[in-house]
$ cat start.cif   # mmCIF, C-alpha atoms
data_structure
#
loop_
_atom_site.group_PDB
_atom_site.id
_atom_site.type_symbol
_atom_site.label_atom_id
_atom_site.label_comp_id
_atom_site.auth_asym_id
_atom_site.auth_seq_id
_atom_site.Cartn_x
_atom_site.Cartn_y
_atom_site.Cartn_z
ATOM 1 C CA MET A 1405 -35.416 -13.271 -113.252
ATOM 2 C CA THR A 1406 -34.824 -10.203 -111.053
ATOM 3 C CA ASP A 1407 -31.184 -11.200 -110.477
ATOM 4 C CA ALA A 1408 -30.615 -11.619 -114.232
ATOM 5 C CA VAL A 1409 -32.071 -8.179 -114.958
ATOM 6 C CA ALA A 1410 -29.897 -6.641 -112.245
ATOM 7 C CA ILE A 1411 -26.793 -8.293 -113.692
ATOM 8 C CA ASP A 1412 -27.633 -7.063 -117.209
ATOM 9 C CA THR A 1413 -28.262 -3.546 -115.908
ATOM 10 C CA GLY A 1414 -24.934 -3.535 -114.063
ATOM 11 C CA ALA A 1415 -23.117 -4.772 -117.179
ATOM 12 C CA ASP A 1416 -24.735 -2.051 -119.307
ATOM 13 C CA THR A 1417 -23.814 0.592 -116.742
ATOM 14 C CA ARG A 1418 -20.169 -0.512 -116.714
ATOM 15 C CA LYS A 1419 -20.156 -0.621 -120.513
ATOM 16 C CA TRP A 1420 -21.491 2.917 -120.852
ATOM 17 C CA GLY A 1421 -19.149 4.076 -118.087
ATOM 18 C CA LYS A 1422 -16.220 2.648 -120.031
ATOM 19 C CA TYR A 1423 -17.377 4.392 -123.218
ATOM 20 C CA LEU A 1424 -17.746 7.684 -121.350
ATOM 21 C CA TYR A 1425 -14.269 7.311 -119.842
ATOM 22 C CA VAL A 1426 -12.647 6.546 -123.200
ATOM 23 C CA SER A 1427 -14.506 9.409 -124.892
ATOM 24 C CA SER A 1428 -13.394 11.835 -122.177
ATOM 25 C CA VAL A 1429 -9.764 10.757 -122.531
ATOM 26 C CA VAL A 1430 -9.912 11.112 -126.328
ATOM 27 C CA LEU A 1431 -11.474 14.582 -126.114
ATOM 28 C CA LEU A 1432 -8.925 15.704 -123.527
ATOM 29 C CA CYS A 1433 -6.019 14.442 -125.641
ATOM 30 C CA ALA A 1434 -7.463 16.140 -128.729
ATOM 31 C CA TRP A 1435 -7.888 19.379 -126.766
ATOM 32 C CA VAL A 1436 -4.174 19.353 -125.924
ATOM 33 C CA ILE A 1437 -2.588 17.716 -128.977
ATOM 34 C CA VAL A 1438 -4.492 19.313 -131.887
ATOM 35 C CA PRO A 1439 -3.382 22.932 -131.169
ATOM 36 C CA ILE A 1440 0.225 21.781 -130.691
ATOM 37 C CA TYR A 1441 0.059 19.819 -133.952
ATOM 38 C CA PHE A 1442 -1.221 22.793 -135.962
ATOM 39 C CA LEU A 1443 1.369 24.998 -134.267
ATOM 40 C CA MET A 1444 4.061 22.600 -135.490
ATOM 41 C CA ILE A 1445 2.562 22.532 -139.004
ATOM 42 C CA ASN A 1446 2.660 26.313 -139.314
ATOM 43 C CA THR A 1447 6.151 26.497 -137.832
ATOM 44 C CA LEU A 1448 7.534 23.956 -140.302
ATOM 45 C CA SER A 1449 5.852 25.566 -143.301
ATOM 46 C CA SER A 1450 6.985 28.453 -145.479
ATOM 47 C CA PRO A 1451 5.823 31.988 -144.591
ATOM 48 C CA GLU A 1452 3.675 32.043 -147.735
ATOM 49 C CA THR A 1453 1.903 28.832 -146.719
ATOM 50 C CA VAL A 1454 1.277 30.121 -143.193
ATOM 51 C CA SER A 1455 -0.510 33.176 -144.568
ATOM 52 C CA SER A 1456 -2.530 31.191 -147.110
ATOM 53 C CA PHE A 1457 -5.879 29.410 -146.742
ATOM 54 C CA PRO A 1458 -6.790 26.579 -146.394
ATOM 55 C CA LYS A 1459 -4.014 25.383 -144.122
ATOM 56 C CA PRO A 1460 -2.160 22.162 -144.975
ATOM 57 C CA PHE A 1461 -2.726 19.142 -142.782
ATOM 58 C CA PHE A 1462 0.908 18.002 -143.064
ATOM 59 C CA PRO A 1463 3.997 20.195 -142.592
ATOM 60 C CA GLU A 1464 6.166 21.099 -145.557
ATOM 61 C CA PHE A 1465 9.313 20.854 -143.413
ATOM 62 C CA ASP A 1466 10.291 24.269 -144.692
ATOM 63 C CA LEU A 1467 12.539 26.169 -142.267
ATOM 64 C CA GLY A 1468 11.697 29.598 -143.650
ATOM 65 C CA SER A 1469 9.635 30.613 -140.615
ATOM 66 C CA LEU A 1470 12.337 29.486 -138.181
ATOM 67 C CA LYS A 1471 15.040 31.280 -140.190
ATOM 68 C CA PHE A 1472 12.946 34.451 -140.131
ATOM 69 C CA PHE A 1473 12.526 33.979 -136.373
ATOM 70 C CA ALA A 1474 16.301 33.619 -135.870
ATOM 71 C CA GLY A 1475 17.017 36.677 -138.037
ATOM 72 C CA PHE A 1476 14.385 38.953 -136.495
ATOM 73 C CA ALA A 1477 16.039 41.895 -134.727
ATOM 74 C CA GLY A 1478 16.425 41.228 -131.001
ATOM 75 C CA MET A 1479 14.925 37.741 -131.083
ATOM 76 C CA LEU A 1480 18.109 35.769 -130.362
ATOM 77 C CA THR A 1481 19.007 38.192 -127.566
ATOM 78 C CA ALA A 1482 15.592 37.653 -126.010
ATOM 79 C CA LEU A 1483 16.028 33.898 -126.363
ATOM 80 C CA LYS A 1484 19.415 34.119 -124.623
ATOM 81 C CA ASN A 1485 17.862 36.171 -121.814
ATOM 82 C CA SER A 1486 15.137 33.555 -121.358
ATOM 83 C CA VAL A 1487 17.704 30.772 -121.060
ATOM 84 C CA LEU A 1488 19.821 32.834 -118.638
ATOM 85 C CA VAL A 1489 16.914 33.809 -116.377
ATOM 86 C CA ALA A 1490 15.437 30.300 -116.388
ATOM 87 C CA GLY A 1491 18.833 28.790 -115.592
ATOM 88 C CA MET A 1492 19.363 31.085 -112.606
ATOM 89 C CA THR A 1493 15.807 30.419 -111.433
ATOM 90 C CA MET A 1494 16.403 26.673 -111.615
ATOM 91 C CA ILE A 1495 19.633 26.870 -109.595
ATOM 92 C CA MET A 1496 18.285 29.197 -106.907
ATOM 93 C CA SER A 1497 15.039 27.249 -106.535
ATOM 94 C CA ILE A 1498 16.898 24.015 -105.830
ATOM 95 C CA LEU A 1499 19.534 25.607 -103.590
ATOM 96 C CA ILE A 1500 16.784 27.136 -101.435
ATOM 97 C CA GLY A 1501 13.952 24.648 -101.878
ATOM 98 C CA ALA A 1502 15.844 21.369 -101.347
ATOM 99 C CA PRO A 1503 17.160 22.236 -97.837
ATOM 100 C CA ALA A 1504 13.686 23.481 -96.876
ATOM 101 C CA GLY A 1505 12.112 20.254 -98.156
ATOM 102 C CA TYR A 1506 14.676 18.196 -96.231
ATOM 103 C CA ALA A 1507 13.991 20.112 -93.015
ATOM 104 C CA LEU A 1508 10.240 19.634 -93.394
ATOM 105 C CA SER A 1509 10.595 15.887 -93.916
ATOM 106 C CA ARG A 1510 13.209 15.127 -91.245
ATOM 107 C CA PHE A 1511 12.608 17.535 -88.356
ATOM 108 C CA GLU A 1512 9.636 18.137 -86.093
ATOM 109 C CA PHE A 1513 9.223 21.733 -84.952
ATOM 110 C CA ARG A 1514 6.462 23.993 -83.744
ATOM 111 C CA GLY A 1515 4.446 25.502 -86.570
ATOM 112 C CA LYS A 1516 5.523 22.939 -89.162
ATOM 113 C CA GLY A 1517 2.017 22.587 -90.597
ATOM 114 C CA THR A 1518 1.558 26.358 -90.648
ATOM 115 C CA PHE A 1519 4.874 26.757 -92.421
ATOM 116 C CA ARG A 1520 3.789 24.340 -95.167
ATOM 117 C CA LEU A 1521 0.523 26.253 -95.528
ATOM 118 C CA LEU A 1522 2.358 29.564 -95.776
ATOM 119 C CA ILE A 1523 4.504 28.134 -98.557
ATOM 120 C CA LEU A 1524 1.350 27.427 -100.541
ATOM 121 C CA LEU A 1525 -0.163 30.814 -99.688
ATOM 122 C CA THR A 1526 2.701 32.568 -101.443
ATOM 123 C CA ARG A 1527 0.926 31.530 -104.657
ATOM 124 C CA ALA A 1528 -2.327 33.107 -103.455
ATOM 125 C CA PHE A 1529 -1.125 36.653 -104.138
ATOM 126 C CA PRO A 1530 -1.672 37.567 -107.818
ATOM 127 C CA LEU A 1531 1.450 38.856 -109.495
ATOM 128 C CA PRO A 1532 -0.292 41.912 -111.034
ATOM 129 C CA LEU A 1533 -1.102 43.060 -107.493
ATOM 130 C CA LEU A 1534 2.602 42.982 -106.596
ATOM 131 C CA ALA A 1535 3.872 44.415 -109.891
ATOM 132 C CA LEU A 1536 3.960 48.095 -108.878
ATOM 133 C CA PRO A 1537 5.674 47.572 -105.475
ATOM 134 C CA LEU A 1538 8.176 45.211 -107.109
ATOM 135 C CA ALA A 1539 8.927 47.699 -109.876
ATOM 136 C CA VAL A 1540 9.520 50.500 -107.339
ATOM 137 C CA LEU A 1541 11.707 48.246 -105.176
ATOM 138 C CA PHE A 1542 13.762 47.061 -108.137
ATOM 139 C CA ILE A 1543 14.295 50.609 -109.415
ATOM 140 C CA ARG A 1544 15.536 51.729 -105.989
ATOM 141 C CA THR A 1545 17.884 48.748 -105.633
ATOM 142 C CA GLY A 1546 19.149 48.786 -109.205
ATOM 143 C CA LEU A 1547 17.690 45.376 -110.054
ATOM 144 C CA ASP A 1548 15.256 46.677 -112.665
ATOM 145 C CA ASP A 1549 15.815 45.488 -116.225
ATOM 146 C CA THR A 1550 18.366 42.866 -115.124
ATOM 147 C CA ALA A 1551 18.372 39.118 -115.595
ATOM 148 C CA PHE A 1552 19.192 38.524 -111.930
ATOM 149 C CA GLY A 1553 16.314 40.689 -110.679
ATOM 150 C CA LEU A 1554 13.834 38.867 -112.915
ATOM 151 C CA ALA A 1555 15.300 35.524 -111.809
ATOM 152 C CA LEU A 1556 14.592 36.485 -108.186
ATOM 153 C CA VAL A 1557 10.925 37.042 -109.011
ATOM 154 C CA HIS A 1558 10.719 33.772 -110.938
ATOM 155 C CA THR A 1559 12.420 31.966 -108.052
ATOM 156 C CA THR A 1560 9.693 33.260 -105.755
ATOM 157 C CA LEU A 1561 7.111 31.789 -108.126
ATOM 158 C CA ALA A 1562 8.869 28.427 -108.435
ATOM 159 C CA LEU A 1563 10.017 28.033 -104.826
ATOM 160 C CA PRO A 1564 6.740 26.654 -103.368
ATOM 161 C CA PHE A 1565 6.742 23.860 -105.931
ATOM 162 C CA ALA A 1566 10.437 23.134 -105.324
ATOM 163 C CA VAL A 1567 9.912 22.918 -101.550
ATOM 164 C CA LEU A 1568 6.849 20.677 -101.724
ATOM 165 C CA ILE A 1569 8.279 18.396 -104.420
ATOM 166 C CA THR A 1570 11.546 17.897 -102.556
ATOM 167 C CA PHE A 1571 9.584 17.401 -99.331
ATOM 168 C CA SER A 1572 7.729 14.526 -101.020
ATOM 169 C CA LEU A 1573 11.016 13.110 -102.275
ATOM 170 C CA PHE A 1574 12.731 13.160 -98.888
ATOM 171 C CA SER A 1575 9.634 11.774 -97.186
ATOM 172 C CA GLY A 1576 9.828 8.745 -99.476
ATOM 173 C CA ILE A 1577 13.345 7.894 -98.250
ATOM 174 C CA PRO A 1578 13.254 5.989 -94.923
ATOM 175 C CA ILE A 1579 15.188 7.777 -92.212
ATOM 176 C CA GLU A 1580 16.512 4.357 -91.130
ATOM 177 C CA LEU A 1581 18.910 4.498 -94.076
ATOM 178 C CA GLU A 1582 20.497 7.644 -92.691
ATOM 179 C CA GLU A 1583 20.557 6.217 -89.168
ATOM 180 C CA ALA A 1584 22.362 3.142 -90.461
ATOM 181 C CA ALA A 1585 24.952 5.396 -92.101
ATOM 182 C CA TRP A 1586 25.387 7.281 -88.829
ATOM 183 C CA THR A 1587 26.160 4.060 -86.984
ATOM 184 C CA LEU A 1588 28.846 3.298 -89.592
ATOM 185 C CA GLY A 1589 30.710 6.529 -88.942
ATOM 186 C CA CYS A 1590 28.979 9.045 -91.219
ATOM 187 C CA ASN A 1591 27.833 12.381 -89.947
ATOM 188 C CA ARG A 1592 24.564 13.944 -91.144
ATOM 189 C CA LEU A 1593 26.189 15.643 -94.133
ATOM 190 C CA THR A 1594 28.087 12.597 -95.422
ATOM 191 C CA ALA A 1595 25.057 10.365 -94.837
ATOM 192 C CA PHE A 1596 23.007 12.767 -96.921
ATOM 193 C CA THR A 1597 25.508 12.998 -99.776
ATOM 194 C CA LYS A 1598 26.344 9.274 -99.911
ATOM 195 C CA VAL A 1599 22.970 7.686 -99.122
ATOM 196 C CA VAL A 1600 20.051 10.060 -99.657
ATOM 197 C CA LEU A 1601 21.259 12.261 -102.512
ATOM 198 C CA PRO A 1602 21.875 9.432 -105.031
ATOM 199 C CA LEU A 1603 18.346 8.133 -104.391
ATOM 200 C CA ILE A 1604 16.570 11.443 -104.911
ATOM 201 C CA LEU A 1605 18.790 12.910 -107.639
ATOM 202 C CA PRO A 1606 16.346 12.072 -110.468
ATOM 203 C CA GLY A 1607 13.538 13.741 -108.529
ATOM 204 C CA ILE A 1608 15.715 16.773 -107.797
ATOM 205 C CA THR A 1609 16.401 16.996 -111.514
ATOM 206 C CA ALA A 1610 12.665 16.881 -112.220
ATOM 207 C CA SER A 1611 12.061 19.670 -109.708
ATOM 208 C CA ALA A 1612 14.831 21.758 -111.275
ATOM 209 C CA ILE A 1613 13.402 21.358 -114.774
ATOM 210 C CA PHE A 1614 9.962 22.246 -113.437
ATOM 211 C CA ALA A 1615 11.373 25.522 -112.073
ATOM 212 C CA PHE A 1616 13.058 26.119 -115.441
ATOM 213 C CA VAL A 1617 9.744 25.717 -117.281
ATOM 214 C CA ILE A 1618 7.918 28.042 -114.863
ATOM 215 C CA SER A 1619 10.472 30.764 -115.556
ATOM 216 C CA TRP A 1620 10.560 30.019 -119.277
ATOM 217 C CA ASN A 1621 6.791 30.503 -119.680
ATOM 218 C CA GLU A 1622 6.323 33.487 -117.340
ATOM 219 C CA VAL A 1623 5.427 36.706 -119.160
ATOM 220 C CA PHE A 1624 3.851 39.254 -116.802
ATOM 221 C CA ALA A 1625 6.828 39.972 -114.531
ATOM 222 C CA ALA A 1626 9.170 39.867 -117.523
ATOM 223 C CA ALA A 1627 7.066 42.454 -119.351
ATOM 224 C CA VAL A 1628 6.782 44.768 -116.337
ATOM 225 C CA LEU A 1629 10.292 44.562 -114.886
ATOM 226 C CA THR A 1630 12.364 44.602 -118.078
ATOM 227 C CA ILE A 1631 12.691 47.060 -120.959
ATOM 228 C CA GLU A 1632 15.932 46.407 -122.822
ATOM 229 C CA ASN A 1633 16.704 42.916 -121.507
ATOM 230 C CA ARG A 1634 13.370 41.282 -122.256
ATOM 231 C CA THR A 1635 12.886 37.538 -122.241
ATOM 232 C CA LEU A 1636 11.403 35.748 -125.232
ATOM 233 C CA THR A 1637 7.853 35.748 -123.866
ATOM 234 C CA ALA A 1638 7.942 39.476 -123.102
ATOM 235 C CA PHE A 1639 9.593 40.239 -126.449
ATOM 236 C CA LEU A 1640 6.915 38.333 -128.360
ATOM 237 C CA LEU A 1641 4.195 40.089 -126.380
ATOM 238 C CA GLN A 1642 5.766 43.453 -127.153
ATOM 239 C CA ASN A 1643 5.826 42.717 -130.900
ATOM 240 C CA LEU A 1644 2.544 40.822 -131.065
ATOM 241 C CA ASP A 1645 0.670 43.513 -133.004
ATOM 242 C CA THR A 1646 3.413 44.293 -135.511
ATOM 243 C CA SER A 1647 5.029 40.889 -136.110
ATOM 244 C CA PRO A 1648 3.930 38.709 -139.063
ATOM 245 C CA LEU A 1649 1.896 35.577 -138.522
ATOM 246 C CA HIS A 1650 4.689 33.088 -139.221
ATOM 247 C CA LEU A 1651 6.896 34.772 -136.602
ATOM 248 C CA LYS A 1652 4.171 34.304 -133.997
ATOM 249 C CA PHE A 1653 3.859 30.609 -134.823
ATOM 250 C CA ALA A 1654 7.640 30.100 -134.720
ATOM 251 C CA GLY A 1655 7.920 31.922 -131.384
ATOM 252 C CA GLY A 1656 5.057 29.943 -129.910
ATOM 253 C CA PHE A 1657 6.638 26.682 -131.027
ATOM 254 C CA ILE A 1658 9.997 27.621 -129.473
ATOM 255 C CA LEU A 1659 8.207 28.359 -126.196
ATOM 256 C CA VAL A 1660 6.246 25.092 -126.222
ATOM 257 C CA VAL A 1661 9.180 22.758 -126.946
ATOM 258 C CA PRO A 1662 10.854 22.942 -123.471
ATOM 259 C CA ALA A 1663 7.539 22.217 -121.736
ATOM 260 C CA LEU A 1664 6.944 19.175 -123.946
ATOM 261 C CA ILE A 1665 10.456 17.892 -123.276
ATOM 262 C CA PHE A 1666 9.882 18.381 -119.544
ATOM 263 C CA ILE A 1667 6.672 16.349 -119.615
ATOM 264 C CA PHE A 1668 8.230 13.350 -121.322
ATOM 265 C CA VAL A 1669 11.534 13.425 -119.426
ATOM 266 C CA VAL A 1670 10.244 13.748 -115.861
ATOM 267 C CA ARG A 1671 6.846 12.067 -116.196
ATOM 268 C CA LYS A 1672 7.868 8.871 -114.387
ATOM 269 C CA TYR A 1673 9.492 10.800 -111.531
ATOM 270 C CA LEU A 1674 6.391 12.935 -110.996
ATOM 271 C CA PHE A 1675 4.188 9.829 -111.080
ATOM 272 C CA ALA A 1676 6.437 8.114 -108.534
ATOM 273 C CA MET A 1677 6.180 11.086 -106.165
ATOM 274 C CA TRP A 1678 2.413 10.679 -105.973
ATOM 275 C CA GLY A 1679 2.577 6.921 -105.667
ATOM 276 C CA ILE A 1680 1.424 6.154 -109.206
ATOM 277 C CA ALA A 1681 2.903 2.935 -110.528
ATOM 278 C CA ASN A 1682 5.185 3.166 -113.514
ATOM 279 C CA ARG A 1683 4.378 1.063 -116.521
#

$ encode --input "start.cif" --output "structure tokens"
Amino acid sequence: MTDAVAIDTGADTRKWGKYLYVSSVVLLCAWVIVPIYFLMINTLSSPETVSSFPKPFFPEFDLGSLKFFAGFAGMLTALKNSVLVAGMTMIMSILIGAPAGYALSRFEFRGKGTFRLLILLTRAFPLPLLALPLAVLFIRTGLDDTAFGLALVHTTLALPFAVLITFSLFSGIPIELEEAAWTLGCNRLTAFTKVVLPLILPGITASAIFAFVISWNEVFAAAVLTIENRTLTAFLLQNLDTSPLHLKFAGGFILVVPALIFIFVVRKYLFAMWGIANR
């Protein structure tokens, strides 16, 4: 009798645990998806509908808000600046981060663990604390209000992730593959380009897009270090009080789209880096 009661209690516990798990997943998905869904509804509705109440549950597929966004003075220039800065950030992050990740995975040197910790600690300094020194430095060097100067700051923000992601990628490639290429006449560079690079290229792409998204969504440095050449996030922040409601929804939607694309495109590569099986 005691064993039967224990079995029933264990079954009930697992059942309630399963219900709790499913409920948590549903609530988490709703927390993320519902705001994005209503953002899409208001973006794809006419300006009159956006300002009305109650809000529709389905979009009208009216492009009036997006057309107003595209025709708003300075908006397309800010969008172009965002793409330019994010593109430069992506390139510089990979050009600097990939060699550092390779060195961490393939070479043993004194202070290797400390170096990895210092890479993470670069994210421990809040950007507002560094804003004034950066602004003074950029003014003295002529990098203020330039796309390249802002890209340097964004590269600093994205570089720790680029180094650690590429380190994980290179660590997943057995060094025996390179050693086999060396025995067949390849030097270290040709072994890397012909053997290692094709295997990690999808992961490198994921790391590059991740750096792009970090730069695309950053607002504080863009607002402090630029005046005329503002990115989209800084431009929207500047006009937040004076812009109409449908412009805010359209701008928010344009900012969210690249992050959503990133999630769906590189999801399997990020899962693979942490050893999560693809399904």

$ resolve_selection --input "start.cif" --expression "the PyMOL selection byres ((chain A and resi 1469) around 6)" --output "list in words"
Ser1450, Pro1451, Leu1467, Gly1468, Leu1470, Lys1471, Phe1472 and His1650 of chain A

$ closest_residue --input "start.cif" --among "A:Ala1663, A:Ala1504, A:Ile1437, A:Ala1626" --to "A:Asp1549" --atoms "all atoms listed in the file"
A:Ala1626

$ axis_aligned_box --input "start.cif" --around "stretch 1493-1506 of chain A" --padding-each-side "8 Å" --output "lines of an AutoDock Vina configuration file"
center_x = 15.9
center_y = 24.3
center_z = -103.9
size_x = 23.5
size_y = 28.2
size_z = 31.4

$ residues_near_point --input "start.cif" --point "(4.0, 24.2, -145.7)" --cutoff "6 Å" --atoms "all atoms listed in the file" --output "MDAnalysis selection string"
chainID A and resid 1449:1450 1453 1463:1464

$ resolve_selection --input "start.cif" --expression "the PyMOL selection byres ((chain A and resi 1601) around 12)" --output "PyMOL selection string"
chain A and resi 1502-1503+1506+1570+1573-1574+1577+1581-1582+1592-1600+1602-1609

$ closest_residue --input "start.cif" --among "A:Ser1456, A:Ser1497, A:Thr1637, A:Asn1621" --to "A:Pro1662" --atoms "all atoms listed in the file"
A:Asn1621

$ resolve_selection --input "start.cif" --expression "the PyMOL selection byres ((chain A and resi 1536-1544) around 10)" --output "VMD selection string"
chain A and resid 1531 to 1535 1545 to 1550 1553 to 1554 1557 1625 1628 to 1630

$ atom_distance --input "start.cif" --atom1 "atom CA of A:Thr1447" --atom2 "atom CA of A:Arg1634"
22.7 Å

$ atom_distance --input "start.cif" --atom1 "atom CA of A:Pro1460" --atom2 "atom CA of A:Ile1445"
7.6 Å

$ residues_around --input "start.cif" --residues "stretch 1509-1520 of chain A" --least-positions-apart "2" --cutoff "7 Å" --atoms "all atoms listed in the file" --output "PyMOL selection string"
chain A and resi 1505-1507+1522-1524+1571+1574-1575

$ atom_distance --input "start.cif" --atom1 "atom CA of A:Ala1474" --atom2 "atom CA of A:Leu1636"
11.9 Å

$ closest_residue --input "start.cif" --among "A:Ala1477, A:Leu1508, A:Leu1563, A:Val1661" --to "A:Thr1526" --atoms "all atoms listed in the file"
A:Leu1563

$ closest_residue --input "start.cif" --among "A:Met1479, A:Leu1640, A:Leu1488, A:Met1496" --to "A:Leu1556" --atoms "only C-alpha atoms"
A:Met1496

$ closest_residue --input "start.cif" --among "A:Lys1422, A:Leu1561, A:Met1444, A:Glu1580" --to "A:Pro1530" --atoms "all atoms listed in the file"
A:Leu1561

$ closest_residue --input "start.cif" --among "A:Thr1493, A:Thr1417, A:Gln1642, A:Thr1635" --to "A:Ala1612" --atoms "all atoms listed in the file"
A:Thr1493
